[in-house]
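Visitor: Dropping in structure00.cif, which is mmCIF, C-alpha atoms:
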```
data_protein
loop_
_atom_site.label_atom_id
_atom_site.label_comp_id
_atom_site.auth_asym_id
_atom_site.auth_seq_id
_atom_site.Cartn_x
_atom_site.Cartn_y
_atom_site.Cartn_z
CA MET V 1 237.34 164.98 82.83
CA THR V 2 233.54 165.25 82.74
CA MET V 3 233.69 167.72 79.83
CA LYS V 4 236.04 165.43 77.89
CA LEU V 5 233.69 162.48 78.39
CA LEU V 6 230.74 164.60 77.30
CA HIS V 7 232.60 165.77 74.20
CA LEU V 8 233.65 162.20 73.40
CA PHE V 9 230.06 161.06 73.81
CA ILE V 10 228.86 163.76 71.38
CA THR V 11 231.65 162.90 68.93
CA SER V 12 230.95 159.17 68.97
CA SER V 13 227.20 159.73 68.79
CA LYS V 14 227.41 161.82 65.63
CA PRO V 15 227.86 158.94 63.13
CA VAL V 16 225.25 156.88 64.99
CA VAL V 17 222.68 159.70 64.85
CA GLU V 18 223.42 160.25 61.16
CA ILE V 19 222.73 156.59 60.41
CA LEU V 20 219.55 156.53 62.49
CA LEU V 21 218.22 159.68 60.77
CA ILE V 22 218.84 158.24 57.30
CA THR V 23 217.26 154.97 58.48
CA ILE V 24 214.12 156.90 59.43
CA VAL V 25 214.04 158.43 55.93
CA GLY V 26 214.31 154.96 54.39
CA PHE V 27 211.56 153.73 56.71
CA TYR V 28 209.29 156.58 55.62
CA MET V 29 210.00 156.00 51.92
CA ALA V 30 209.01 152.33 52.31
CA LEU V 31 205.58 153.09 53.81
CA ASP V 32 202.63 151.88 51.74
CA GLY V 33 201.29 155.42 51.37
CA VAL V 34 204.62 156.67 49.98
CA ASN V 35 205.98 153.53 48.27
CA LEU V 36 209.17 155.13 46.97
CA LEU V 37 211.34 152.36 48.41
CA GLY V 38 209.25 149.22 48.02
CA GLN V 39 210.61 145.72 47.76
CA ASP V 40 211.52 145.97 44.06
CA ALA V 41 213.07 149.41 44.50
CA ARG V 42 215.21 148.16 47.38
CA LYS V 43 216.36 145.24 45.25
CA TYR V 44 217.44 147.50 42.37
CA LEU V 45 219.11 149.99 44.72
CA ASN V 46 220.90 147.11 46.43
CA ASN V 47 222.35 145.97 43.10
CA ILE V 48 223.62 149.49 42.44
CA VAL V 49 225.30 149.50 45.87
CA PHE V 50 226.87 146.10 45.21
CA TYR V 51 228.18 146.82 41.71
CA VAL V 52 228.83 150.58 41.73
CA PHE V 53 228.76 152.44 45.07
CA SER V 54 230.74 150.07 47.33
CA PRO V 55 233.59 149.40 44.84
CA SER V 56 233.92 153.15 44.21
CA LEU V 57 234.07 153.90 47.95
CA ILE V 58 236.72 151.26 48.63
CA GLY V 59 238.81 152.14 45.58
CA SER V 60 238.87 155.88 46.17
CA ARG V 61 239.68 155.71 49.88
CA LEU V 62 242.36 153.04 49.58
CA ALA V 63 244.22 154.41 46.55
CA ASP V 64 244.34 157.89 48.07
CA SER V 65 245.94 156.93 51.37
CA VAL V 66 248.00 153.73 50.94
CA THR V 67 251.63 153.73 49.85
CA TYR V 68 254.33 151.05 49.96
CA GLU V 69 255.87 152.56 53.10
CA SER V 70 252.56 152.76 54.95
CA LEU V 71 251.62 149.23 53.90
CA VAL V 72 254.87 147.83 55.32
CA LYS V 73 254.28 149.73 58.53
CA MET V 74 250.68 148.55 58.82
CA TRP V 75 251.25 144.87 57.96
CA PHE V 76 249.53 143.72 61.16
CA MET V 77 246.28 145.52 60.40
CA PRO V 78 244.97 143.01 57.82
CA VAL V 79 245.75 140.25 60.32
CA ASN V 80 243.97 142.15 63.08
CA VAL V 81 240.87 142.74 60.94
CA LEU V 82 240.79 139.04 60.04
CA LEU V 83 240.99 138.15 63.74
CA THR V 84 237.96 140.35 64.46
CA PHE V 85 236.01 138.37 61.86
CA ILE V 86 237.16 134.96 63.09
CA ILE V 87 236.56 135.70 66.78
CA GLY V 88 233.22 137.30 65.95
CA SER V 89 232.21 134.20 63.98
CA PHE V 90 233.03 132.02 66.97
CA LEU V 91 231.02 134.27 69.30
CA GLY V 92 228.14 134.24 66.81
CA TRP V 93 228.12 130.45 66.80
CA ILE V 94 227.95 130.49 70.61
CA VAL V 95 224.93 132.81 70.36
CA ILE V 96 223.30 130.34 67.96
CA VAL V 97 223.93 127.39 70.28
CA ILE V 98 222.51 129.22 73.30
CA THR V 99 219.51 131.00 71.75
CA LYS V 100 218.59 128.38 69.09
CA PRO V 101 217.26 130.71 66.36
CA PRO V 102 215.48 129.46 63.20
CA PRO V 103 217.89 127.86 60.69
CA HIS V 104 217.49 130.63 58.09
CA LEU V 105 218.77 133.22 60.60
CA ARG V 106 221.99 131.45 61.57
CA GLY V 107 224.04 133.07 58.84
CA LEU V 108 222.70 136.50 59.73
CA ILE V 109 223.59 136.11 63.41
CA VAL V 110 227.13 134.92 62.68
CA GLY V 111 227.53 137.74 60.15
CA CYS V 112 226.37 140.41 62.61
CA CYS V 113 228.87 139.16 65.20
CA ALA V 114 231.72 138.76 62.71
CA ALA V 115 231.55 141.81 60.41
CA GLY V 116 232.01 145.21 62.03
CA ASN V 117 231.42 148.67 60.56
CA LEU V 118 235.03 149.49 59.70
CA GLY V 119 233.97 152.23 57.30
CA ASN V 120 232.01 155.29 58.31
CA MET V 121 232.32 154.77 62.09
CA PRO V 122 236.14 155.04 62.34
CA LEU V 123 236.03 157.46 59.40
CA ILE V 124 234.21 159.98 61.60
CA ILE V 125 235.48 159.08 65.08
CA VAL V 126 239.23 159.10 64.37
CA PRO V 127 239.37 162.55 62.66
CA ALA V 128 237.13 164.02 65.36
CA ILE V 129 239.46 162.80 68.09
CA CYS V 130 242.51 164.00 66.14
CA LYS V 131 241.16 167.57 66.07
CA GLU V 132 241.50 167.85 69.85
CA ARG V 133 244.43 169.99 70.96
CA GLY V 134 246.60 168.34 73.56
CA GLY V 135 245.15 164.92 72.80
CA PRO V 136 247.03 161.65 73.25
CA PHE V 137 247.81 161.40 69.50
CA GLY V 138 250.01 164.47 69.11
CA ASP V 139 249.79 167.12 66.41
CA PRO V 140 246.25 167.28 64.91
CA GLU V 141 247.53 167.62 61.32
CA ASN V 142 249.78 164.54 61.47
CA CYS V 143 247.14 162.67 63.43
CA GLN V 144 244.61 163.41 60.69
CA LYS V 145 247.01 162.39 57.92
CA TYR V 146 248.13 159.08 59.39
CA GLY V 147 244.78 158.32 61.00
CA MET V 148 242.98 158.52 57.65
CA GLY V 149 245.54 156.13 56.17
CA TYR V 150 244.91 153.63 58.95
CA VAL V 151 241.13 153.96 58.59
CA ALA V 152 241.27 153.62 54.80
CA LEU V 153 243.22 150.36 54.96
CA SER V 154 240.94 149.13 57.74
CA MET V 155 237.86 149.91 55.65
CA ALA V 156 239.31 148.25 52.54
CA MET V 157 240.35 145.06 54.34
CA GLY V 158 236.98 144.90 56.09
CA SER V 159 235.20 145.07 52.75
CA VAL V 160 237.40 142.35 51.27
CA TYR V 161 236.75 140.02 54.21
CA ILE V 162 233.01 140.75 54.16
CA TRP V 163 232.65 139.77 50.51
CA THR V 164 234.97 136.76 50.70
CA TYR V 165 234.70 135.32 54.21
CA VAL V 166 231.39 136.54 55.64
CA TYR V 167 229.39 136.37 52.40
CA ASN V 168 230.31 132.72 51.80
CA LEU V 169 229.94 131.84 55.48
CA MET V 170 226.41 133.26 55.54
CA ARG V 171 225.64 131.52 52.24
CA VAL V 172 226.72 128.13 53.58
CA LEU V 173 224.87 128.56 56.89
CA ASN V 174 221.69 129.70 55.13
CA SER V 175 221.66 126.84 52.61
CA PRO V 176 219.33 123.96 53.47
CA VAL V 177 220.92 120.73 54.65
CA GLU V 178 220.72 118.03 52.03
CA THR V 179 218.84 114.98 53.19
CA GLN V 180 220.72 111.74 52.99
CA PRO V 181 219.16 108.90 51.01
CA SER V 182 217.66 106.21 53.15
CA ILE V 183 219.68 103.04 53.57
CA GLU V 184 217.97 99.96 52.30
CA SER V 185 217.77 97.10 54.71
CA ASP V 186 217.96 94.46 52.03
CA TYR V 187 220.54 91.95 53.18
CA ASP V 188 221.45 90.96 49.64
CA THR V 189 222.70 94.42 48.79
CA TYR V 190 225.46 94.04 51.39
CA LYS V 191 226.72 90.65 50.21
CA VAL V 192 230.36 91.01 49.14
CA PRO V 193 232.99 88.34 48.45
CA LEU V 194 235.73 87.87 51.04
CA ILE V 195 238.45 88.38 48.42
CA PRO V 196 237.45 91.02 45.86
CA SER V 197 238.46 90.53 42.27
CA LYS V 198 240.85 92.85 40.41
CA GLU V 199 237.99 94.45 38.47
CA GLU V 200 236.18 95.23 41.71
CA GLU V 201 239.35 96.79 43.16
CA ASP V 202 239.70 99.01 40.08
CA ASN V 203 236.03 99.98 40.34
CA GLN V 204 236.52 100.86 44.00
CA LYS V 205 239.49 103.09 43.12
CA VAL V 206 237.46 104.84 40.43
CA GLY V 207 234.59 105.12 42.88
CA ARG V 208 236.84 106.74 45.48
CA TRP V 209 238.18 109.21 42.88
CA ASP V 210 234.64 110.07 41.82
CA LYS V 211 233.70 110.69 45.44
CA VAL V 212 236.67 113.04 45.88
CA LYS V 213 235.73 114.95 42.72
CA ARG V 214 232.10 115.20 43.81
CA ARG V 215 233.12 116.55 47.21
CA ILE V 216 235.40 119.17 45.62
CA VAL V 217 232.65 120.25 43.23
CA SER V 218 230.11 120.37 46.07
CA LEU V 219 232.46 122.46 48.22
CA SER V 220 233.17 124.91 45.40
CA GLU V 221 229.44 125.30 44.80
CA LYS V 222 228.79 126.03 48.47
CA VAL V 223 231.70 128.43 48.87
CA ASN V 224 230.87 130.21 45.59
CA LEU V 225 234.44 131.03 44.64
CA SER V 226 233.28 133.67 42.15
CA THR V 227 232.35 135.97 45.05
CA ILE V 228 236.00 136.11 46.11
CA PHE V 229 236.33 138.44 43.12
CA ALA V 230 233.27 140.50 43.98
CA PRO V 231 233.28 144.10 42.66
CA SER V 232 234.52 145.50 46.00
CA THR V 233 237.39 143.01 46.10
CA ILE V 234 238.43 143.85 42.54
CA ALA V 235 238.25 147.56 43.38
CA ALA V 236 240.54 147.02 46.39
CA MET V 237 243.07 145.17 44.22
CA ILE V 238 243.07 147.93 41.59
CA ALA V 239 243.42 150.59 44.30
CA LEU V 240 246.41 148.80 45.82
CA VAL V 241 248.10 148.63 42.41
CA VAL V 242 247.49 152.34 41.80
CA GLY V 243 248.59 153.30 45.31
CA LEU V 244 251.74 151.17 45.39
CA ILE V 245 253.09 151.87 41.88
CA THR V 246 254.56 155.36 42.03
CA PRO V 247 254.14 156.35 38.32
CA LEU V 248 250.47 155.32 38.38
CA ARG V 249 249.94 157.13 41.66
CA LYS V 250 251.42 160.37 40.30
CA LEU V 251 249.29 160.00 37.18
CA ILE V 252 245.93 159.55 38.97
CA ILE V 253 246.20 160.53 42.65
CA GLY V 254 246.67 164.09 43.89
CA ASN V 255 245.53 167.62 43.11
CA GLY V 256 248.02 168.11 40.29
CA ALA V 257 247.67 164.65 38.75
CA PRO V 258 247.04 164.67 34.95
CA LEU V 259 244.24 162.11 35.33
CA GLY V 260 243.09 163.29 38.75
CA VAL V 261 239.56 163.69 37.39
CA LEU V 262 239.27 159.88 37.47
CA GLN V 263 239.95 159.84 41.21
CA ASP V 264 237.51 162.70 41.80
CA SER V 265 234.79 160.96 39.80
CA VAL V 266 235.22 157.65 41.63
CA THR V 267 235.19 159.46 44.98
CA LEU V 268 232.00 161.30 44.03
CA VAL V 269 230.25 158.03 43.16
CA GLY V 270 231.59 156.27 46.27
CA ASP V 271 230.13 158.93 48.57
CA GLY V 272 226.68 157.55 47.77
CA ALA V 273 227.42 154.09 49.20
CA ILE V 274 226.73 154.67 52.89
CA PRO V 275 223.49 156.69 52.43
CA ALA V 276 222.15 154.12 49.95
CA MET V 277 222.93 151.17 52.24
CA THR V 278 221.33 152.96 55.17
CA LEU V 279 218.16 153.71 53.19
CA ILE V 280 217.86 150.01 52.36
CA ILE V 281 218.18 149.15 56.06
CA GLY V 282 215.41 151.64 56.87
CA GLY V 283 213.14 150.22 54.18
CA ASN V 284 213.64 146.67 55.43
CA LEU V 285 212.95 147.82 58.98
CA LEU V 286 209.28 148.39 58.11
CA LYS V 287 208.88 144.73 57.27
CA GLY V 288 210.80 143.75 60.40
CA MET V 289 208.49 145.74 62.68
CA ARG V 290 205.44 144.09 61.12
CA SER V 291 206.70 140.53 61.33
CA SER V 292 210.09 139.40 62.58
CA GLY V 293 211.21 135.98 63.76
CA MET V 294 214.04 137.45 65.82
CA LYS V 295 213.88 136.55 69.51
CA LYS V 296 214.91 139.00 72.24
CA SER V 297 217.49 136.55 73.56
CA THR V 298 219.17 136.47 70.15
CA ILE V 299 219.36 140.27 69.96
CA ILE V 300 220.82 140.40 73.47
CA GLY V 301 223.34 137.72 72.50
CA VAL V 302 224.51 139.74 69.49
CA LEU V 303 224.82 142.88 71.66
CA VAL V 304 226.88 141.06 74.29
CA ALA V 305 229.12 139.51 71.64
CA ARG V 306 229.76 142.76 69.76
CA TYR V 307 229.96 145.26 72.62
CA ILE V 308 231.47 143.26 75.50
CA LEU V 309 233.23 140.05 74.49
CA LEU V 310 234.74 141.22 71.19
CA PRO V 311 236.33 144.43 72.61
CA ILE V 312 237.80 142.45 75.51
CA SER V 313 239.31 140.04 72.99
CA GLY V 314 240.69 143.00 71.07
CA VAL V 315 242.46 144.39 74.13
CA LEU V 316 244.14 141.04 74.76
CA ILE V 317 245.21 140.61 71.12
CA VAL V 318 246.50 144.14 70.47
CA ARG V 319 248.32 144.47 73.77
CA GLY V 320 249.74 140.98 73.31
CA ALA V 321 250.97 141.93 69.83
CA TYR V 322 252.60 145.04 71.30
CA LYS V 323 254.35 143.03 74.01
CA LEU V 324 255.67 140.65 71.33
CA ASP V 325 256.95 143.62 69.23
CA LEU V 326 254.61 142.76 66.35
CA ILE V 327 253.29 146.34 66.22
CA THR V 328 254.84 149.73 66.92
CA SER V 329 254.31 151.75 70.07
CA GLU V 330 252.48 154.52 68.17
CA PRO V 331 249.32 155.28 70.19
CA LEU V 332 247.16 156.21 67.18
CA TYR V 333 247.95 152.96 65.35
CA GLN V 334 247.12 150.89 68.43
CA PHE V 335 243.93 152.89 68.96
CA VAL V 336 242.70 152.15 65.42
CA LEU V 337 243.50 148.46 65.90
CA LEU V 338 241.49 148.44 69.13
CA ILE V 339 238.53 150.39 67.76
CA GLN V 340 238.06 147.69 65.10
CA TYR V 341 236.73 145.40 67.84
CA ALA V 342 234.18 147.87 69.28
CA VAL V 343 232.14 149.01 66.26
CA PRO V 344 228.54 147.95 65.45
CA PRO V 345 227.75 145.46 62.64
CA ALA V 346 228.65 146.36 59.07
CA MET V 347 226.03 148.05 56.91
CA ASN V 348 226.98 145.67 54.07
CA LEU V 349 225.11 142.91 55.91
CA GLY V 350 221.88 144.53 54.79
CA THR V 351 223.12 144.31 51.20
CA ILE V 352 224.03 140.63 51.62
CA THR V 353 220.66 139.65 53.12
CA GLN V 354 218.95 141.53 50.32
CA LEU V 355 220.97 139.54 47.77
CA PHE V 356 219.99 136.29 49.49
CA GLY V 357 216.34 137.34 49.75
CA ALA V 358 216.17 136.03 53.33
CA GLY V 359 216.52 137.69 56.74
CA GLU V 360 216.20 141.29 55.51
CA SER V 361 213.67 142.32 58.15
CA GLU V 362 215.50 140.53 60.97
CA CYS V 363 218.75 142.21 59.86
CA SER V 364 217.08 145.61 60.12
CA VAL V 365 215.84 144.85 63.64
CA ILE V 366 219.36 143.86 64.76
CA MET V 367 220.78 146.97 63.12
CA LEU V 368 218.26 149.18 64.90
CA TRP V 369 219.19 147.86 68.35
CA THR V 370 222.94 147.68 67.77
CA TYR V 371 223.16 151.21 66.38
CA ALA V 372 220.82 152.57 69.05
CA LEU V 373 223.27 151.34 71.70
CA ALA V 374 226.41 152.13 69.69
CA SER V 375 226.76 155.59 71.19
CA VAL V 376 227.29 154.04 74.63
CA SER V 377 229.80 151.48 73.35
CA LEU V 378 231.63 154.01 71.19
CA THR V 379 232.02 156.31 74.17
CA ALA V 380 233.04 153.85 76.86
CA TRP V 381 235.48 151.74 74.85
CA PRO V 382 237.35 154.54 73.01
CA THR V 383 237.80 156.35 76.34
CA PHE V 384 239.34 153.21 77.80
CA PHE V 385 241.42 152.60 74.65
CA MET V 386 242.88 156.14 74.73
CA TRP V 387 243.82 155.68 78.38
CA LEU V 388 245.35 152.32 77.56
CA VAL V 389 247.61 153.44 74.68
CA ALA V 390 248.51 156.90 76.02
#
```
Translate this file's structure into structure tokens.
Guide:
Amino acid sequence: MTMKLLHLFITSSKPVVEILLITIVGFYMALDGVNLLGQDARKYLNNIVFYVFSPSLIGSRLADSVTYESLVKMWFMPVNVLLTFIIGSFLGWIVIVITKPPPHLRGLIVGCCAAGNLGNMPLIIVPAICKERGGPFGDPENCQKYGMGYVALSMAMGSVYIWTYVYNLMRVLNSPVETQPSIESDYDTYKVPLIPSKEEEDNQKVGRWDKVKRRIVSLSEKVNLSTIFAPSTIAAMIALVVGLITPLRKLIIGNGAPLGVLQDSVTLVGDGAIPAMTLIIGGNLLKGMRSSGMKKSTIIGVLVARYILLPISGVLIVRGAYKLDLITSEPLYQFVLLIQYAVPPAMNLGTITQLFGAGESECSVIMLWTYALASVSLTAWPTFFMWLVA
């Protein structure tokens, strides 16, 4: 038992150590004496991640592993991922109420609690656990095959929700509150006849319609509907079309596919997404260590929300769904659903704060602490999850 725990600790620590090492490289490149990853360089690299690397990563992983049969079987996973975001947002708001951070950091805190790293963390942990002979998930080959399909859909749905739900939520929370015009105290301005005339009634109807239109326009501006079709979202849609339509899949996906070079090229580009995002986090960390408005209580609140309260919520939801026959009894599928609640914050949050131009340093500080403690969380919770679903 002790050896299994030690091996699980080493396995779960591997992706965390990889991220921390690349973060150190990004930190070094941002030093004034080196200046290879200064503020302008991080901005340009961030745009490349947003428009090129992330869409390629999502498209290649999803198209390769999702079919119509697997999508029908995994219908609950998109719902489960959405629940992790909604519950995390609620926990993030509680952290804001308790710790009272500066207004410009509210969106960052909610984002860190809502968006989990559903990409490279499960992408490394699940295959590593599947390799174990005599594990709770059966044959290693089948475990690897189906596990990668689950992780790919999880990663794709997480990216879609990040760029639709979390991006707009952070944008709304970070926007300054509009000040209301002062109300004049002139008594004459409030004089109205007891029985309004027909013209006044028509004007009031027009006025009400104008107010409704103004509110709709204001809401659309705040939500920024164009980001629903962000590059990563479009890539996920294209990948689903390619994966679900059999003739297209045979044409592009697979070793013997006539146009398989397209898939290989997209995969090659997508492999640069995670290292590039991590380098940006490391570069922003330098600024965060020099001057950061992040309070210790806020960091602790994010850690408690992500590593204690959210996994407990996940256990209740997934086991409840199993009791209600909403999901199958397959242990690996349930394990992937559970692990979605126990991962550290998504690396894409660094990209979002860089796009906003606010909270980059504070985001790096939160990332440093959450990923430093991720090895503990990603050892304790997966061990419990495997015992629970076995």
Visitor: For V:Leu388, which residue among V:Gln263, V:Gln334, V:Ser70, V:Gln354 is the nearest when counting only C-alpha atoms?
Guide: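 The shortest atom-to-atom distance to V:Leu388 comes from V:Gln334.
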Visitor: Record the distance separating atom CA of V:Glu18 and atom CA of V:Ala276, expressed in Å with one decimal.
Guide: 12.8 Å
Visitor: Expand the PyMOL selection byres ((chain V and resi 160-163) around 8) into the individual residues it matches in the shown file, reporting them as a PyMOL selection string.
Guide: chain V and resi 82+85+115+156-159+164-168+227-228+230+232-233+236+348
Visitor: I'd like the interatomic distance between atom CA of V:Leu240 and atom CA of V:Lys145, to a tenth of an Å.
Guide: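 Rounded to one decimal, the two atoms are 18.2 Å apart.
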Visitor: Could you check how far atom CA of V:Val25 sits from atom CA of V:Gly282, in Å to one decimal?
Guide: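 Computing the Euclidean distance for atom CA of V:Val25 and atom CA of V:Gly282 yields 7.0 Å.
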Visitor: List the residues matched by the PyMOL selection byres ((chain V and resi 302) around 8) in the displayed structure as a list of chain:residue names, ordered by chain and then by residue number.
Guide: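 So the PyMOL selection byres ((chain V and resi 302) around 8) ends up selecting V:Gly92, V:Val95, V:Ile109, V:Cys112, V:Cys113, V:Thr298, V:Ile299, V:Ile300, V:Gly301, V:Leu303, V:Val304, V:Ala305, V:Arg306.
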Visitor: For C-alpha atoms, I'd like the residues from the last selection saved as a PDB file, in the coordinates of the input.
Guide:
```
ATOM      1  CA  GLY V  92     228.140 134.240  66.810  1.00  0.00           C
ATOM      2  CA  VAL V  95     224.930 132.810  70.360  1.00  0.00           C
ATOM      3  CA  ILE V 109     223.590 136.110  63.410  1.00  0.00           C
ATOM      4  CA  CYS V 112     226.370 140.410  62.610  1.00  0.00           C
ATOM      5  CA  CYS V 113     228.870 139.160  65.200  1.00  0.00           C
ATOM      6  CA  THR V 298     219.170 136.470  70.150  1.00  0.00           C
ATOM      7  CA  ILE V 299     219.360 140.270  69.960  1.00  0.00           C
ATOM      8  CA  ILE V 300     220.820 140.400  73.470  1.00  0.00           C
ATOM      9  CA  GLY V 301     223.340 137.720  72.500  1.00  0.00           C
ATOM     10  CA  LEU V 303     224.820 142.880  71.660  1.00  0.00           C
ATOM     11  CA  VAL V 304     226.880 141.060  74.290  1.00  0.00           C
ATOM     12  CA  ALA V 305     229.120 139.510  71.640  1.00  0.00           C
ATOM     13  CA  ARG V 306     229.760 142.760  69.760  1.00  0.00           C
TER      14      ARG V 306
END
```
Visitor: For stretch 249-252 of chain V, list every protein, DNA or RNA residue within 10 Å, evaluated using all atoms listed in the file, and leave out those in the same chain fewer than 4 positions away; present the list as an NGL selection string.
Guide: :V and (63-64 or 67 or 239-245 or 256-264)
Visitor: Might you spell out which residues the PyMOL selection byres ((chain V and resi 52) around 12) would select in the displayed file, as a short mmCIF file (atom, residue, chain, number, x, y, z; two decimals) with C-alpha atoms, in the coordinates of the input?
Guide:
```cif
data_model
loop_
_atom_site.label_atom_id
_atom_site.label_comp_id
_atom_site.auth_asym_id
_atom_site.auth_seq_id
_atom_site.Cartn_x
_atom_site.Cartn_y
_atom_site.Cartn_z
CA TYR V 44 217.44 147.50 42.37
CA LEU V 45 219.11 149.99 44.72
CA ASN V 46 220.90 147.11 46.43
CA ASN V 47 222.35 145.97 43.10
CA ILE V 48 223.62 149.49 42.44
CA VAL V 49 225.30 149.50 45.87
CA PHE V 50 226.87 146.10 45.21
CA TYR V 51 228.18 146.82 41.71
CA PHE V 53 228.76 152.44 45.07
CA SER V 54 230.74 150.07 47.33
CA PRO V 55 233.59 149.40 44.84
CA SER V 56 233.92 153.15 44.21
CA LEU V 57 234.07 153.90 47.95
CA ILE V 58 236.72 151.26 48.63
CA GLY V 59 238.81 152.14 45.58
CA ALA V 230 233.27 140.50 43.98
CA PRO V 231 233.28 144.10 42.66
CA SER V 232 234.52 145.50 46.00
CA ILE V 234 238.43 143.85 42.54
CA ALA V 235 238.25 147.56 43.38
CA VAL V 266 235.22 157.65 41.63
CA THR V 267 235.19 159.46 44.98
CA LEU V 268 232.00 161.30 44.03
CA VAL V 269 230.25 158.03 43.16
CA GLY V 270 231.59 156.27 46.27
CA ASP V 271 230.13 158.93 48.57
CA GLY V 272 226.68 157.55 47.77
CA ALA V 273 227.42 154.09 49.20
CA ALA V 276 222.15 154.12 49.95
#
```
Visitor: Measuring atom to atom with only C-alpha atoms, identify which of V:Ile24, V:Leu373, V:Cys363, V:Ala152 is nearest to V:Ser65.
Guide: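 Looking only at the distances to V:Ser65, the closest residue turns out to be V:Ala152.
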Visitor: So that I can see what lies close to V:Ile22, please list as JSON, numbers by chain the residues with an atom at most 12 Å from it, counting all atoms listed in the file and leaving out residues fewer than 5 positions away in the same chain.
Guide: {"V": [15, 16, 17, 27, 28, 29, 274, 275, 276, 277, 278, 279, 280, 281, 282, 283, 368]}
Visitor: Within 8 Å of stretch 336-341 of chain V, counting all atoms listed in the file, which residues show up once you throw out same-chain ones fewer than 5 positions away? Write them as a PyMOL selection string, please.
Guide: chain V and resi 77+80-81+84+116+118+122+126+147+150-151+306+310-311+313-315+318+381-382+385
Visitor: Go ahead and save the residues from that selection, with C-alpha atoms, as a PDB file, keeping the file's coordinate frame.
Guide:
```pdb
ATOM      1  CA  MET V  77     246.280 145.520  60.400  1.00  0.00           C
ATOM      2  CA  ASN V  80     243.970 142.150  63.080  1.00  0.00           C
ATOM      3  CA  VAL V  81     240.870 142.740  60.940  1.00  0.00           C
ATOM      4  CA  THR V  84     237.960 140.350  64.460  1.00  0.00           C
ATOM      5  CA  GLY V 116     232.010 145.210  62.030  1.00  0.00           C
ATOM      6  CA  LEU V 118     235.030 149.490  59.700  1.00  0.00           C
ATOM      7  CA  PRO V 122     236.140 155.040  62.340  1.00  0.00           C
ATOM      8  CA  VAL V 126     239.230 159.100  64.370  1.00  0.00           C
ATOM      9  CA  GLY V 147     244.780 158.320  61.000  1.00  0.00           C
ATOM     10  CA  TYR V 150     244.910 153.630  58.950  1.00  0.00           C
ATOM     11  CA  VAL V 151     241.130 153.960  58.590  1.00  0.00           C
ATOM     12  CA  ARG V 306     229.760 142.760  69.760  1.00  0.00           C
ATOM     13  CA  LEU V 310     234.740 141.220  71.190  1.00  0.00           C
ATOM     14  CA  PRO V 311     236.330 144.430  72.610  1.00  0.00           C
ATOM     15  CA  SER V 313     239.310 140.040  72.990  1.00  0.00           C
ATOM     16  CA  GLY V 314     240.690 143.000  71.070  1.00  0.00           C
ATOM     17  CA  VAL V 315     242.460 144.390  74.130  1.00  0.00           C
ATOM     18  CA  VAL V 318     246.500 144.140  70.470  1.00  0.00           C
ATOM     19  CA  TRP V 381     235.480 151.740  74.850  1.00  0.00           C
ATOM     20  CA  PRO V 382     237.350 154.540  73.010  1.00  0.00           C
ATOM     21  CA  PHE V 385     241.420 152.600  74.650  1.00  0.00           C
TER      22      PHE V 385
END
```
Visitor: Applying 8 Å and all atoms listed in the file, which residues near V:Leu326 remain after dropping the ones on its own chain fewer than 4 positions away? List them as a ChimeraX atom specification.
Guide: /V:76,321-322
Visitor: Have a look at V:Asn174, V:Thr99, V:Asn117, V:Ser89 and name the one nearest to V:Thr370; count only C-alpha atoms.
Guide: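 Closest residue, counting only C-alpha atoms: V:Asn117.
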Visitor: I need the residue nearest V:Leu153 from this list: V:Gly119, V:Pro331, V:Gly359, V:Gly320. Use only C-alpha atoms for the distance.
Guide: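 Among the listed residues, V:Gly119 lies closest to V:Leu153.
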Visitor: Could you check the closest approach to V:Ala30 for each of V:Ile312, V:Leu169, V:Leu285, V:Val365 and tell me which residue wins, using only C-alpha atoms?
Guide: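 Ranked by minimum distance to V:Ala30, first place goes to V:Leu285.
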